[in-house]
Amino acid sequence: MKIRIKFSKHGCMKFIGHLDIMRYFQKANIRAGIDVAYSEGFNPHQVMSFAAPLGVGITSDGEYMDIRVNSTRSTADSIKALNDVMVDGMEILEFKKLPDDSKKSMSVVALADYYMYPKDEDEMFTDITVLSNKIAKFMAQPAILVTKKTKKSEKEVDLKPHIHAFNVDFYNSRQEECLNQCAYFLSVTTGSEVNIRPELVVSAFYDFCNAEYKEEAFQIHRQEVYALENDKYIPLGSMGENIEAAE
């Protein structure tokens, strides 16, 4: 049976890398009594995969993990069992059963929503109307060319087709004690083939405005992750259904 789990990551847990998060959930599943299935072979491990690994230092309300289980309790009981063993900064939000023929979340990710807000005062946010107009002019360009660096090479990329939304909005988070924080909101292409980081867009915007961009001056928050289905972007969590009773 395939299960999709949605969780949030806040506080000091934002500094824990992806591999350690995997190890954390392997132990959390055992402590919570989740009847998770194991792979076969000489080195069996829990059947588990993540939609889109989160970078270190980024908070999120939209992280997804797929697991396979032999049996399960109801959605409500499973969420409670997992949250009872979670550390501060981690919270299970959804626990849903997937269709047997569903693909792994990591293979269907197509889009992600982000907020980027300055940790301290930023001159760009002095006048929101002026800032919004600058963003509109930035997005009106026929192409937004940047040099994207990878571990092996550098290549020029046109960001324009991969920016689905870019505007000024307000970010609220009780976990971070951040209320009505003025922020950049971005929806960008995310996936195994094309993965656009929000800071790459904001950095290009600052270059366009002849302003200095300092990556360490911003906090990045991932709000949601989507799959593309029938030409529509849908949250990964909507692809499953709640479990009403033990199965």
# chains A, B, ... in the order shown; residues from 1 in each chain; ligands from 1

$ residues_around --residues "stretch 232-241 of chain A" --least-positions-apart "5" --cutoff "6 Å" --atoms "only C-alpha atoms" --output "tab-separated table (two decimals) with all heavy atoms, in the first residue's frame"
chain	number	residue	atom	x	y	z
A	96	LYS	N	-2.00	10.13	3.56
A	96	LYS	CA	-3.04	9.70	2.62
A	96	LYS	C	-2.62	8.46	1.83
A	96	LYS	O	-1.45	8.27	1.53
A	96	LYS	CB	-3.37	10.84	1.65
A	96	LYS	CG	-4.01	12.05	2.31
A	96	LYS	CD	-4.42	13.09	1.29
A	96	LYS	CE	-5.17	14.24	1.94
A	96	LYS	NZ	-5.60	15.25	0.94
A	97	LYS	N	-3.62	7.67	1.51
A	97	LYS	CA	-3.41	6.48	0.70
A	97	LYS	C	-3.43	6.86	-0.76
A	97	LYS	O	-4.30	7.60	-1.22
A	97	LYS	CB	-4.50	5.45	0.99
A	97	LYS	CG	-4.40	4.19	0.15
A	97	LYS	CD	-5.56	3.26	0.46
A	97	LYS	CE	-5.51	2.02	-0.44
A	97	LYS	NZ	-6.66	1.10	-0.16
A	98	LEU	N	-2.46	6.34	-1.52
A	98	LEU	CA	-2.37	6.61	-2.95
A	98	LEU	C	-2.92	5.44	-3.76
A	98	LEU	O	-2.89	4.29	-3.29
A	98	LEU	CB	-0.91	6.85	-3.36
A	98	LEU	CG	-0.21	8.07	-2.78
A	98	LEU	CD1	1.27	8.03	-3.14
A	98	LEU	CD2	-0.84	9.36	-3.29
A	225	VAL	N	4.05	22.20	-3.05
A	225	VAL	CA	4.65	21.53	-4.21
A	225	VAL	C	3.51	20.93	-5.03
A	225	VAL	O	2.57	20.36	-4.48
A	225	VAL	CB	5.65	20.44	-3.77
A	225	VAL	CG1	6.22	19.73	-4.99
A	225	VAL	CG2	6.77	21.04	-2.94
A	226	TYR	N	3.63	21.03	-6.36
A	226	TYR	CA	2.54	20.62	-7.24
A	226	TYR	C	3.00	19.62	-8.30
A	226	TYR	O	4.16	19.59	-8.70
A	226	TYR	CB	1.96	21.83	-7.98
A	226	TYR	CG	1.45	22.93	-7.09
A	226	TYR	CD1	2.33	23.91	-6.60
A	226	TYR	CD2	0.10	23.03	-6.75
A	226	TYR	CE1	1.87	24.95	-5.79
A	226	TYR	CE2	-0.36	24.06	-5.94
A	226	TYR	CZ	0.52	25.02	-5.47
A	226	TYR	OH	0.07	26.03	-4.68
A	227	ALA	N	2.02	18.85	-8.78
A	227	ALA	CA	2.20	17.99	-9.95
A	227	ALA	C	1.36	18.56	-11.08
A	227	ALA	O	0.39	19.29	-10.84
A	227	ALA	CB	1.75	16.57	-9.64

$ residues_around --residues "stretch 162-173 of chain A" --least-positions-apart "4" --cutoff "10 Å" --atoms "only C-alpha atoms" --output "MDAnalysis selection string"
chainID A and resid 10 61 111:117 125 128:129 131:136 138:139 144 157:158 177:190 194:196 198 201:202 221 223

$ select_by_dssp --residues "stretch 163-229 of chain A" --states "strand (DSSP E)" --output "VMD selection string"
chain A and resid 163 to 173 178 to 189 218 to 229

$ write_last_selection --atoms "C-alpha atoms" --output "mmCIF file, in the first residue's frame"
data_model
loop_
_atom_site.group_PDB
_atom_site.id
_atom_site.type_symbol
_atom_site.label_atom_id
_atom_site.label_comp_id
_atom_site.auth_asym_id
_atom_site.auth_seq_id
_atom_site.Cartn_x
_atom_site.Cartn_y
_atom_site.Cartn_z
ATOM 1 C CA ILE A 163 8.492 31.803 -13.584
ATOM 2 C CA HIS A 164 4.772 31.120 -13.234
ATOM 3 C CA ALA A 165 4.215 33.894 -10.679
ATOM 4 C CA PHE A 166 6.346 36.626 -9.151
ATOM 5 C CA ASN A 167 4.875 39.389 -7.016
ATOM 6 C CA VAL A 168 4.906 41.025 -3.586
ATOM 7 C CA ASP A 169 2.754 39.392 -0.916
ATOM 8 C CA PHE A 170 2.504 38.966 2.836
ATOM 9 C CA TYR A 171 3.900 35.886 4.552
ATOM 10 C CA ASN A 172 2.504 34.659 7.868
ATOM 11 C CA SER A 173 3.967 31.906 10.020
ATOM 12 C CA CYS A 178 6.481 35.952 11.498
ATOM 13 C CA LEU A 179 3.223 37.837 10.921
ATOM 14 C CA ASN A 180 2.368 40.001 7.896
ATOM 15 C CA GLN A 181 5.968 39.962 6.733
ATOM 16 C CA CYS A 182 6.251 41.614 3.330
ATOM 17 C CA ALA A 183 7.849 39.105 0.979
ATOM 18 C CA TYR A 184 8.447 38.045 -2.601
ATOM 19 C CA PHE A 185 6.056 35.290 -3.695
ATOM 20 C CA LEU A 186 7.240 33.015 -6.479
ATOM 21 C CA SER A 187 5.880 29.988 -8.323
ATOM 22 C CA VAL A 188 8.701 28.355 -10.261
ATOM 23 C CA THR A 189 9.316 25.192 -12.235
ATOM 24 C CA PHE A 218 16.726 36.490 2.953
ATOM 25 C CA GLN A 219 14.788 33.639 4.496
ATOM 26 C CA ILE A 220 13.282 31.237 1.980
ATOM 27 C CA HIS A 221 10.080 29.335 2.727
ATOM 28 C CA ARG A 222 8.525 26.671 0.509
ATOM 29 C CA GLN A 223 4.746 26.831 0.745
ATOM 30 C CA GLU A 224 3.553 24.024 -1.541
ATOM 31 C CA VAL A 225 4.647 21.532 -4.208
ATOM 32 C CA TYR A 226 2.542 20.619 -7.243
ATOM 33 C CA ALA A 227 2.200 17.990 -9.947
ATOM 34 C CA LEU A 228 0.981 18.714 -13.475
ATOM 35 C CA GLU A 229 -2.136 16.684 -14.275
#

$ residues_around --residues "A:Met1" --least-positions-apart "6" --cutoff "10 Å" --atoms "only C-alpha atoms" --output "ChimeraX atom specification"
/A:36-37,67-72,97-100,247

$ closest_residue --among "A:Lys14, A:Arg23, A:Arg73, A:Lys214" --to "A:Asn242" --atoms "only C-alpha atoms"
A:Arg73

$ closest_residue --among "A:Ser78, A:Ser105, A:Thr126, A:Ser8" --to "A:Gly62" --atoms "only C-alpha atoms"
A:Ser8

$ residues_around --residues "A:Ala81" --least-positions-apart "4" --cutoff "10 Å" --atoms "only C-alpha atoms" --output "VMD selection string"
chain A and resid 28 to 29 31 to 34 73 75 to 77 85 to 86 92

$ closest_residue --among "A:Glu40, A:Asp88, A:Met106, A:Asp101" --to "A:Gly191" --atoms "only C-alpha atoms"
A:Met106

$ select_by_dssp --residues "stretch 28-201 of chain A" --states "helix (DSSP H, G or I)" --output "MDAnalysis selection string"
chainID A and resid 28:31 75:83 105:108 123:125 128:139 160:162 198:201

$ atom_distance --atom1 "atom CA of A:Lys152" --atom2 "atom CA of A:Glu193"
15.6 Å

$ atom_distance --atom1 "atom CA of A:Asn210" --atom2 "atom CA of A:Val146"
14.9 Å

$ residues_around --residues "A:Thr147" --least-positions-apart "4" --cutoff "8 Å" --atoms "only C-alpha atoms" --output "list in words"
Glu154, Lys155, Glu156 and Val157 of chain A

$ write_last_selection --atoms "C-alpha atoms" --output "PDB file, in the first residue's frame"
ATOM      1  CA  GLU A 154      27.708  26.397 -16.336  1.00  0.00           C
ATOM      2  CA  LYS A 155      24.964  27.126 -18.840  1.00  0.00           C
ATOM      3  CA  GLU A 156      22.781  30.023 -19.855  1.00  0.00           C
ATOM      4  CA  VAL A 157      19.117  29.574 -18.963  1.00  0.00           C
TER       5      VAL A 157
END

$ atom_distance --atom1 "atom CA of A:Phe25" --atom2 "atom CA of A:Ser102"
21.8 Å
